[in-house]
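The file protein-v6.cif contains mmCIF, C-alpha atoms:
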data_target
#
loop_
_atom_site.group_PDB
_atom_site.id
_atom_site.type_symbol
_atom_site.label_atom_id
_atom_site.label_comp_id
_atom_site.auth_asym_id
_atom_site.auth_seq_id
_atom_site.Cartn_x
_atom_site.Cartn_y
_atom_site.Cartn_z
ATOM 1 C CA MET E 15 3.312 -35.350 -26.525
ATOM 2 C CA LYS E 16 0.725 -32.588 -26.769
ATOM 3 C CA GLU E 17 2.081 -29.519 -28.584
ATOM 4 C CA HIS E 18 -0.331 -26.899 -27.223
ATOM 5 C CA PHE E 19 -1.861 -26.149 -23.848
ATOM 6 C CA THR E 20 -4.129 -23.553 -22.275
ATOM 7 C CA ILE E 21 -3.089 -21.819 -19.070
ATOM 8 C CA GLU E 22 -4.851 -19.239 -16.939
ATOM 9 C CA LEU E 23 -3.187 -15.960 -16.048
ATOM 10 C CA LEU E 24 -5.305 -14.899 -13.097
ATOM 11 C CA GLY E 25 -6.649 -11.419 -13.666
ATOM 12 C CA ASP E 26 -5.655 -11.483 -17.346
ATOM 13 C CA GLY E 27 -7.508 -14.444 -18.870
ATOM 14 C CA MET E 28 -6.866 -17.738 -20.625
ATOM 15 C CA VAL E 29 -3.755 -18.002 -22.784
ATOM 16 C CA ASP E 30 -2.856 -20.547 -25.464
ATOM 17 C CA ILE E 31 0.742 -21.711 -25.231
ATOM 18 C CA ALA E 32 2.851 -23.981 -27.406
ATOM 19 C CA ALA E 33 5.263 -26.492 -25.880
ATOM 20 C CA ASP E 34 8.211 -24.520 -27.258
ATOM 21 C CA GLN E 35 6.953 -21.145 -25.950
ATOM 22 C CA THR E 36 7.844 -19.658 -22.604
ATOM 23 C CA ILE E 37 4.998 -18.305 -20.508
ATOM 24 C CA LEU E 38 6.331 -14.810 -21.179
ATOM 25 C CA GLU E 39 6.269 -15.344 -24.951
ATOM 26 C CA ALA E 40 2.716 -16.696 -24.845
ATOM 27 C CA SER E 41 1.588 -13.896 -22.553
ATOM 28 C CA LEU E 42 2.987 -11.207 -24.845
ATOM 29 C CA ALA E 43 1.526 -12.936 -27.915
ATOM 30 C CA ALA E 44 -1.880 -12.760 -26.226
ATOM 31 C CA GLY E 45 -1.520 -8.992 -25.878
ATOM 32 C CA ILE E 46 -0.856 -9.000 -22.131
ATOM 33 C CA PRO E 47 1.571 -6.192 -21.116
ATOM 34 C CA HIS E 48 3.904 -8.539 -19.255
ATOM 35 C CA TYR E 49 6.969 -6.753 -17.885
ATOM 36 C CA HIS E 50 10.369 -8.077 -19.024
ATOM 37 C CA ALA E 51 12.957 -5.361 -18.433
ATOM 38 C CA CYS E 52 15.899 -7.476 -19.637
ATOM 39 C CA GLY E 53 14.107 -8.534 -22.814
ATOM 40 C CA GLY E 54 13.252 -12.019 -21.561
ATOM 41 C CA LYS E 55 16.858 -13.110 -21.044
ATOM 42 C CA GLY E 56 16.524 -14.210 -17.416
ATOM 43 C CA ARG E 57 18.769 -11.372 -16.211
ATOM 44 C CA CYS E 58 16.125 -9.606 -14.112
ATOM 45 C CA SER E 59 12.993 -10.775 -12.325
ATOM 46 C CA THR E 60 10.401 -8.314 -13.614
ATOM 47 C CA CYS E 61 8.543 -11.085 -15.463
ATOM 48 C CA ARG E 62 8.079 -13.114 -12.270
ATOM 49 C CA ILE E 63 4.846 -15.051 -11.819
ATOM 50 C CA LEU E 64 3.219 -16.631 -8.787
ATOM 51 C CA VAL E 65 2.165 -20.241 -9.414
ATOM 52 C CA HIS E 66 -1.248 -21.054 -7.921
ATOM 53 C CA GLU E 67 -1.877 -24.436 -9.537
ATOM 54 C CA GLY E 68 -0.014 -26.871 -11.781
ATOM 55 C CA ALA E 69 3.564 -26.396 -10.591
ATOM 56 C CA SER E 70 4.309 -30.009 -11.544
ATOM 57 C CA HIS E 71 3.329 -29.187 -15.126
ATOM 58 C CA LEU E 72 6.029 -26.553 -15.485
ATOM 59 C CA SER E 73 9.572 -27.023 -16.741
ATOM 60 C CA ALA E 74 12.470 -27.288 -14.288
ATOM 61 C CA TYR E 75 14.602 -24.258 -13.480
ATOM 62 C CA SER E 76 16.789 -23.274 -16.401
ATOM 63 C CA GLU E 77 20.483 -22.585 -15.861
ATOM 64 C CA GLN E 78 19.753 -18.850 -16.118
ATOM 65 C CA GLU E 79 16.955 -19.027 -13.543
ATOM 66 C CA ILE E 80 19.201 -20.951 -11.150
ATOM 67 C CA LYS E 81 21.870 -18.261 -11.455
ATOM 68 C CA LEU E 82 19.364 -15.477 -10.832
ATOM 69 C CA ARG E 83 17.856 -17.264 -7.824
ATOM 70 C CA LYS E 84 21.280 -17.301 -6.191
ATOM 71 C CA LYS E 85 21.317 -13.499 -6.421
ATOM 72 C CA ILE E 86 17.616 -12.861 -5.703
ATOM 73 C CA PRO E 87 15.963 -15.238 -3.202
ATOM 74 C CA MET E 88 12.459 -16.202 -4.390
ATOM 75 C CA PRO E 89 9.934 -18.721 -3.026
ATOM 76 C CA THR E 90 9.576 -21.988 -4.927
ATOM 77 C CA ASN E 91 6.107 -20.968 -6.144
ATOM 78 C CA VAL E 92 7.538 -17.887 -7.858
ATOM 79 C CA ARG E 93 8.969 -18.487 -11.331
ATOM 80 C CA LEU E 94 10.476 -16.433 -14.136
ATOM 81 C CA ALA E 95 7.975 -16.377 -16.991
ATOM 82 C CA CYS E 96 10.784 -15.942 -19.526
ATOM 83 C CA GLN E 97 12.431 -19.213 -18.419
ATOM 84 C CA THR E 98 9.374 -21.381 -17.796
ATOM 85 C CA TYR E 99 7.641 -23.733 -20.230
ATOM 86 C CA VAL E 100 4.346 -25.558 -19.802
ATOM 87 C CA ARG E 101 4.190 -29.360 -19.928
ATOM 88 C CA GLY E 102 0.541 -30.019 -19.063
ATOM 89 C CA GLU E 103 -2.935 -28.591 -18.446
ATOM 90 C CA ASN E 104 -4.520 -26.985 -15.366
ATOM 91 C CA VAL E 105 -1.812 -24.384 -14.850
ATOM 92 C CA LYS E 106 -2.828 -21.169 -13.103
ATOM 93 C CA VAL E 107 -0.331 -18.363 -12.574
ATOM 94 C CA HIS E 108 -0.466 -14.726 -11.507
ATOM 95 C CA ARG E 109 1.516 -11.923 -13.144
ATOM 96 C CA MET E 110 3.095 -10.227 -10.111
ATOM 97 C CA ILE E 111 4.447 -7.005 -11.608
ATOM 98 C CA ARG E 112 1.981 -4.839 -13.482
ATOM 99 C CA ASP E 113 3.487 -1.357 -13.430
ATOM 100 C CA GLU E 114 6.536 0.669 -12.389
ATOM 101 C CA THR E 115 5.514 0.888 -8.744
ATOM 102 C CA ASP E 116 5.236 -2.895 -8.546
ATOM 103 C CA ILE E 117 8.831 -3.111 -9.768
ATOM 104 C CA ARG E 118 9.998 -0.900 -6.897
ATOM 105 C CA LEU E 119 8.002 -2.981 -4.424
ATOM 106 C CA TYR E 120 9.427 -6.339 -5.418
ATOM 107 C CA ILE E 121 12.812 -5.560 -6.925
ATOM 108 C CA SER E 122 14.344 -2.692 -4.954
ATOM 109 C CA GLU E 123 12.942 -2.519 -1.470
ATOM 110 C CA ASP E 124 14.729 -0.416 1.100
ATOM 111 C CA SER E 125 14.280 0.014 4.799
ATOM 112 C CA LEU E 126 13.927 2.925 7.182
ATOM 113 C CA ALA E 127 16.783 3.793 9.444
ATOM 114 C CA ASP E 128 15.523 3.992 12.995
ATOM 115 C CA THR E 129 16.035 7.146 14.971
ATOM 116 C CA ALA E 130 17.221 6.594 18.515
ATOM 117 C CA GLN E 131 15.115 8.449 21.055
ATOM 118 C CA THR E 132 15.188 8.718 24.811
ATOM 119 C CA GLY E 133 12.032 9.406 26.775
ATOM 120 C CA GLU E 134 10.981 13.054 26.496
ATOM 121 C CA GLU E 135 7.976 15.295 26.045
ATOM 122 C CA LYS E 136 7.433 16.828 22.624
ATOM 123 C CA THR E 137 4.623 18.743 20.980
ATOM 124 C CA LEU E 138 3.810 16.919 17.754
ATOM 125 C CA ALA E 139 1.135 16.609 15.098
ATOM 126 C CA LEU E 140 -0.599 13.211 15.317
ATOM 127 C CA PHE E 141 -1.982 11.703 12.119
ATOM 128 C CA PHE E 142 -4.342 8.698 12.013
ATOM 129 C CA LEU E 143 -5.599 6.964 8.864
ATOM 130 C CA ASP E 144 -7.935 4.040 8.304
ATOM 131 C CA ILE E 145 -8.881 2.359 5.019
ATOM 132 C CA ARG E 146 -12.655 2.367 5.019
ATOM 133 C CA ASN E 147 -13.778 -0.465 2.722
ATOM 134 C CA PHE E 148 -10.978 -2.996 2.862
ATOM 135 C CA THR E 149 -12.987 -5.951 4.245
ATOM 136 C CA PRO E 150 -15.089 -6.452 1.067
ATOM 137 C CA PHE E 151 -11.859 -6.581 -0.928
ATOM 138 C CA VAL E 152 -10.335 -9.130 1.476
ATOM 139 C CA GLU E 153 -13.412 -11.348 1.205
ATOM 140 C CA LYS E 154 -13.406 -11.308 -2.592
ATOM 141 C CA TYR E 155 -9.768 -11.700 -3.645
ATOM 142 C CA LEU E 156 -6.898 -14.146 -3.295
ATOM 143 C CA PRO E 157 -4.451 -13.842 -0.370
ATOM 144 C CA PHE E 158 -1.689 -12.752 -2.751
ATOM 145 C CA ASP E 159 -3.871 -9.954 -4.126
ATOM 146 C CA VAL E 160 -4.770 -8.768 -0.623
ATOM 147 C CA ILE E 161 -1.165 -8.597 0.573
ATOM 148 C CA HIS E 162 -0.018 -7.120 -2.717
ATOM 149 C CA ILE E 163 -2.559 -4.294 -2.550
ATOM 150 C CA MET E 164 -1.757 -3.654 1.110
ATOM 151 C CA ARG E 165 1.893 -3.301 0.120
ATOM 152 C CA ARG E 166 0.948 -0.920 -2.673
ATOM 153 C CA LEU E 167 -1.183 1.201 -0.371
ATOM 154 C CA PHE E 168 1.279 1.315 2.498
ATOM 155 C CA ALA E 169 4.134 2.124 0.120
ATOM 156 C CA LEU E 170 2.012 5.045 -1.109
ATOM 157 C CA PHE E 171 1.238 6.147 2.459
ATOM 158 C CA ARG E 172 4.847 5.870 3.550
ATOM 159 C CA HIS E 173 6.120 7.872 0.592
ATOM 160 C CA VAL E 174 3.666 10.702 1.233
ATOM 161 C CA ILE E 175 4.249 10.787 4.991
ATOM 162 C CA GLU E 176 8.043 10.779 4.684
ATOM 163 C CA SER E 177 8.139 13.303 1.841
ATOM 164 C CA ASN E 178 6.304 15.653 4.201
ATOM 165 C CA ASP E 179 8.809 15.098 7.043
ATOM 166 C CA GLY E 180 6.573 12.711 8.968
ATOM 167 C CA ARG E 181 7.171 9.250 10.321
ATOM 168 C CA ILE E 182 4.841 6.258 10.546
ATOM 169 C CA ILE E 183 4.905 5.007 14.133
ATOM 170 C CA GLU E 184 2.564 2.048 13.969
ATOM 171 C CA THR E 185 0.458 0.069 11.508
ATOM 172 C CA ALA E 186 -2.542 -1.964 12.586
ATOM 173 C CA GLY E 187 -4.593 -3.997 10.116
ATOM 174 C CA ASP E 188 -5.782 -1.576 7.467
ATOM 175 C CA GLY E 189 -4.628 1.632 9.126
ATOM 176 C CA PHE E 190 -1.678 3.459 10.655
ATOM 177 C CA TYR E 191 -0.685 6.448 12.685
ATOM 178 C CA ALA E 192 2.160 8.841 12.011
ATOM 179 C CA VAL E 193 3.725 11.850 13.683
ATOM 180 C CA PHE E 194 5.088 15.127 12.382
ATOM 181 C CA GLY E 195 7.382 17.530 14.208
ATOM 182 C CA PHE E 196 10.461 15.602 15.329
ATOM 183 C CA SER E 197 12.642 18.105 13.468
ATOM 184 C CA THR E 198 10.336 21.147 13.184
ATOM 185 C CA GLY E 199 8.093 23.308 15.317
ATOM 186 C CA VAL E 200 4.476 22.324 15.869
ATOM 187 C CA GLY E 201 3.186 24.944 13.415
ATOM 188 C CA ALA E 202 5.197 23.516 10.547
ATOM 189 C CA ALA E 203 4.323 20.000 11.701
ATOM 190 C CA ALA E 204 0.581 20.715 11.565
ATOM 191 C CA GLN E 205 0.948 22.266 8.120
ATOM 192 C CA LYS E 206 2.909 19.298 6.802
ATOM 193 C CA ALA E 207 0.482 16.801 8.316
ATOM 194 C CA VAL E 208 -2.509 18.457 6.643
ATOM 195 C CA GLU E 209 -0.660 18.657 3.323
ATOM 196 C CA ALA E 210 0.183 14.958 3.626
ATOM 197 C CA GLY E 211 -3.474 14.122 4.274
ATOM 198 C CA GLN E 212 -4.631 16.092 1.252
ATOM 199 C CA GLN E 213 -1.963 14.458 -0.889
ATOM 200 C CA ILE E 214 -3.018 10.984 0.253
ATOM 201 C CA LEU E 215 -6.636 11.685 -0.680
ATOM 202 C CA ASN E 216 -5.511 12.769 -4.144
ATOM 203 C CA GLU E 217 -3.163 9.795 -4.521
ATOM 204 C CA ILE E 218 -5.875 7.339 -3.451
ATOM 205 C CA HIS E 219 -8.245 8.801 -6.032
ATOM 206 C CA SER E 220 -5.634 8.381 -8.781
ATOM 207 C CA PHE E 221 -4.713 4.881 -7.584
ATOM 208 C CA ASN E 222 -8.375 3.867 -7.681
ATOM 209 C CA GLU E 223 -8.924 5.108 -11.216
ATOM 210 C CA ILE E 224 -5.603 4.085 -12.774
ATOM 211 C CA TYR E 225 -4.951 0.784 -11.010
ATOM 212 C CA MET E 226 -7.561 -0.565 -8.595
ATOM 213 C CA TYR E 227 -10.687 -0.322 -10.709
ATOM 214 C CA LYS E 228 -8.851 -1.397 -13.838
ATOM 215 C CA HIS E 229 -7.454 -4.580 -12.293
ATOM 216 C CA PHE E 230 -9.848 -5.348 -9.418
ATOM 217 C CA ARG E 231 -13.093 -3.412 -9.995
ATOM 218 C CA HIS E 232 -12.742 -1.904 -6.549
ATOM 219 C CA ARG E 233 -12.169 1.553 -5.097
ATOM 220 C CA PHE E 234 -10.822 2.438 -1.671
ATOM 221 C CA GLN E 235 -11.726 5.322 0.617
ATOM 222 C CA VAL E 236 -9.914 6.466 3.752
ATOM 223 C CA GLY E 237 -10.616 8.377 6.929
ATOM 224 C CA ILE E 238 -7.991 10.775 8.315
ATOM 225 C CA GLY E 239 -7.862 12.565 11.669
ATOM 226 C CA ILE E 240 -5.197 15.070 12.809
ATOM 227 C CA HIS E 241 -4.603 16.704 16.196
ATOM 228 C CA THR E 242 -1.610 18.342 17.866
ATOM 229 C CA GLY E 243 -0.456 18.257 21.465
ATOM 230 C CA LYS E 244 2.229 17.392 23.987
ATOM 231 C CA VAL E 245 3.077 13.674 24.011
ATOM 232 C CA ILE E 246 5.700 11.377 25.468
ATOM 233 C CA THR E 247 8.143 9.893 22.972
ATOM 234 C CA GLY E 248 10.822 7.291 23.419
ATOM 235 C CA ASN E 249 12.083 3.834 22.583
ATOM 236 C CA ILE E 250 10.709 1.236 25.005
ATOM 237 C CA GLY E 251 13.699 -0.999 24.261
ATOM 238 C CA ILE E 252 12.170 -4.464 23.910
ATOM 239 C CA GLY E 253 13.869 -5.229 20.620
ATOM 240 C CA ILE E 254 10.886 -5.093 18.275
ATOM 241 C CA ASN E 255 11.791 -3.083 15.159
ATOM 242 C CA ASN E 256 13.527 -0.524 17.395
ATOM 243 C CA ASN E 257 10.418 1.607 16.933
ATOM 244 C CA ILE E 258 9.711 4.869 18.696
ATOM 245 C CA THR E 259 6.668 4.970 20.942
ATOM 246 C CA VAL E 260 4.492 8.088 21.009
ATOM 247 C CA THR E 261 1.805 8.150 23.671
ATOM 248 C CA GLY E 262 -0.495 10.571 25.454
ATOM 249 C CA LEU E 263 -3.998 12.021 25.342
ATOM 250 C CA PRO E 264 -3.440 13.906 22.039
ATOM 251 C CA VAL E 265 -2.768 10.539 20.362
ATOM 252 C CA ASN E 266 -6.152 9.270 21.554
ATOM 253 C CA VAL E 267 -7.863 12.444 20.378
ATOM 254 C CA ALA E 268 -6.380 12.109 16.877
ATOM 255 C CA ALA E 269 -7.459 8.448 16.728
ATOM 256 C CA ARG E 270 -11.017 9.352 17.704
ATOM 257 C CA LEU E 271 -11.133 12.164 15.159
ATOM 258 C CA GLN E 272 -10.293 9.597 12.510
ATOM 259 C CA ALA E 273 -13.056 7.325 13.789
ATOM 260 C CA ALA E 274 -15.499 10.275 13.714
ATOM 261 C CA THR E 275 -15.063 10.621 9.948
ATOM 262 C CA LYS E 276 -17.683 7.849 9.650
ATOM 263 C CA GLU E 277 -20.188 9.635 11.884
ATOM 264 C CA LEU E 278 -19.713 12.992 10.154
ATOM 265 C CA ASN E 279 -19.474 11.472 6.661
ATOM 266 C CA ASN E 280 -16.307 13.360 5.815
ATOM 267 C CA SER E 281 -12.988 11.773 4.919
ATOM 268 C CA PHE E 282 -10.697 14.275 6.707
ATOM 269 C CA LEU E 283 -11.165 15.877 10.135
ATOM 270 C CA ILE E 284 -8.772 18.240 11.894
ATOM 271 C CA SER E 285 -9.030 19.716 15.386
ATOM 272 C CA GLU E 286 -9.336 23.404 16.142
ATOM 273 C CA VAL E 287 -5.725 23.622 17.328
ATOM 274 C CA VAL E 288 -4.585 22.261 13.963
ATOM 275 C CA MET E 289 -6.768 24.711 12.051
ATOM 276 C CA ASP E 290 -5.317 27.620 14.056
ATOM 277 C CA LYS E 291 -1.804 26.717 12.916
ATOM 278 C CA LEU E 292 -2.523 26.559 9.167
ATOM 279 C CA LYS E 293 -1.248 29.357 6.940
ATOM 280 C CA GLU E 294 -4.187 29.077 4.548
ATOM 281 C CA LYS E 295 -7.306 27.964 6.340
ATOM 282 C CA PRO E 296 -9.884 25.879 4.433
ATOM 283 C CA ASP E 297 -13.234 27.613 4.084
ATOM 284 C CA VAL E 298 -15.314 25.159 6.111
ATOM 285 C CA GLN E 299 -17.636 25.504 9.080
ATOM 286 C CA PRO E 300 -16.641 24.062 12.481
ATOM 287 C CA ILE E 301 -18.629 21.268 14.107
ATOM 288 C CA GLU E 302 -18.930 20.512 17.814
ATOM 289 C CA ILE E 303 -18.739 16.800 18.599
ATOM 290 C CA SER E 304 -18.290 14.575 21.623
ATOM 291 C CA LEU E 305 -15.369 12.186 21.720
ATOM 292 C CA LYS E 306 -15.208 9.096 23.891
ATOM 293 C CA GLY E 307 -13.187 9.698 27.057
ATOM 294 C CA LEU E 308 -13.404 13.504 26.929
ATOM 295 C CA LYS E 309 -15.738 15.476 29.182
ATOM 296 C CA ASN E 310 -16.086 18.507 26.925
ATOM 297 C CA THR E 311 -17.088 18.680 23.292
ATOM 298 C CA VAL E 312 -14.374 19.191 20.686
ATOM 299 C CA THR E 313 -14.423 21.615 17.764
ATOM 300 C CA VAL E 314 -13.488 19.930 14.503
ATOM 301 C CA TYR E 315 -13.232 21.009 10.891
ATOM 302 C CA PRO E 316 -14.291 18.662 8.058
ATOM 303 C CA ILE E 317 -11.821 19.425 5.266
ATOM 304 C CA GLY E 318 -12.297 16.252 3.220
ATOM 305 C CA GLN E 319 -15.214 14.978 1.164
ATOM 306 C CA ALA E 320 -18.363 12.976 1.825
ATOM 307 C CA TYR E 321 -18.070 9.245 1.259
ATOM 308 C CA SER E 322 -19.595 7.896 -1.909
#

Please, can you express the file's structure as structure tokens?
Amino acid sequence: MKEHFTIELLGDGMVDIAADQTILEASLAAGIPHYHACGGKGRCSTCRILVHEGASHLSAYSEQEIKLRKKIPMPTNVRLACQTYVRGENVKVHRMIRDETDIRLYISEDSLADTAQTGEEKTLALFFLDIRNFTPFVEKYLPFDVIHIMRRLFALFRHVIESNDGRIIETAGDGFYAVFGFSTGVGAAAQKAVEAGQQILNEIHSFNEIYMYKHFRHRFQVGIGIHTGKVITGNIGIGINNNITVTGLPVNVAARLQAATKELNNSFLISEVVMDKLKEKPDVQPIEISLKGLKNTVTVYPIGQAYS
């Protein structure tokens, strides 16, 4: 029986592994910073790997892995690196957890509690965001990478929105819209929405430099549009996620402001009514633009940056 094999850790490189080494041991020996919070004892799942090829050349589940799988449901193509040995060539695996945020994504997910709402009119701040250059990433990387990065990004977005008292109402492809003001006045809602947008731009920049470019040689940009106005809110009651619906002309205006970030080459546009409500107003010049579906031009303020 062959004593040594070579496996591929996608995104990390080729790794030599002995028959008596676990994938975790070989990975660490190769200098790969493979997470193993329990010390490689099979008591956590931070060393988990996704098997792309060669599953039949891996050892069977150990007793420890079987025990852990009873507590933490995992697909059959996900294994614990600390409990898995290699028995043949042509094995390709993917290290799933690369930093602390990944651990929170895959080990300790939580869910939002839904807020019951009856139909009513409210004046809210409407926040739309779109990821600008996601398609090139989708075309280049594996399905796991695409979904993983979407989870990373939307976890980032959700954290920022909620920490600023907002709520994501709907996601669609590579974008979402959120509302602010369910528990505050519209002035505070506009302020919080703008602060959330600025924070997201900063977080995206850090994420690009610390994580995305390092692991994927890619950087993301976003477009954000914010408007305030009177909308109809309520739960339409068809049993899908128990989500609140927010609808009305101001929602459309905010969506079109976000779309106009491309035309104006600025990552963050706010309407005049939003600018009027800010305590500290950005020192930028207003621009008059036409928006689809509106007869009159709209005054907007570009408070972001030009796209690179």

With only C-alpha atoms as the basis for distance, which of E:Asn104, E:Thr149, E:Asn279, E:Ser70 is at the shortest distance from Ser322 (chain E)?
E:Asn279

Which residues come within 12 Å of Glu209 (chain E), counting only C-alpha atoms, excluding same-chain residues fewer than 6 positions away, as an MDAnalysis selection string?
chainID E and resid 141 174:180 194 202:203 215:216 238 240 282 284 288 292:296 317:318

Would you list the residues near (-2.4, -28.3, -13.0), meaning any protein, DNA or RNA residue with an atom at most 8 Å from that point in file coordinates, counting all atoms listed in the file, as a PyMOL selection string?
chain E and resi 67-71+102-106

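If only C-alpha atoms are the atoms counted, then among E:Tyr191, E:Tyr315, E:Phe151, E:Tyr321 the closest residue to Thr259 (chain E) is E:Tyr191.
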
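Each of E:Pro47, E:Gly237, E:Pro300, E:Gly201 was compared to Leu143 (chain E) using only C-alpha atoms, and E:Gly237 turns out to be the nearest.
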
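CA of Leu38 (chain E) lies 21.1 Å from CA of Lys85 (chain E).
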
Please indicate the distance in Å from CA of Leu263 (chain E) to CA of Leu283 (chain E), rounded to one decimal place.
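A separation of 17.2 Å between them.
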
For a test of reading the model, state the distance in Å between CA of Asp26 (chain E) and CA of Glu77 (chain E), rounded to one decimal.
28.4 Å

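Using only C-alpha atoms, the smallest distance between any of E:Arg62, E:Lys81, E:Arg233, E:Lys206 and Ile163 (chain E) comes from E:Arg233.
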
I'd like the residues picked by the PyMOL selection byres ((chain E and resi 110) around 8) written out as a ChimeraX atom specification, using the chain letters and numbers from the file.
/E:61-64,108-109,111-112,116

Restrict the selected residues to C-alpha atoms and save them as a JSON list (two decimals), in the coordinates of the input.
[["chain", "number", "residue", "atom", "x", "y", "z"],
["E", 61, "CYS", "CA", 8.54, -11.08, -15.46],
["E", 62, "ARG", "CA", 8.08, -13.11, -12.27],
["E", 63, "ILE", "CA", 4.85, -15.05, -11.82],
["E", 64, "LEU", "CA", 3.22, -16.63, -8.79],
["E", 108, "HIS", "CA", -0.47, -14.73, -11.51],
["E", 109, "ARG", "CA", 1.52, -11.92, -13.14],
["E", 111, "ILE", "CA", 4.45, -7.00, -11.61],
["E", 112, "ARG", "CA", 1.98, -4.84, -13.48],
["E", 116, "ASP", "CA", 5.24, -2.90, -8.55]]

Taking the file as I've supplied it (selection: the PyMOL selection byres ((chain E and resi 60) around 8)), which residues are included? Please answer as a PyMOL selection string.
chain E and resi 49-51+58-59+61-62+111+117+121
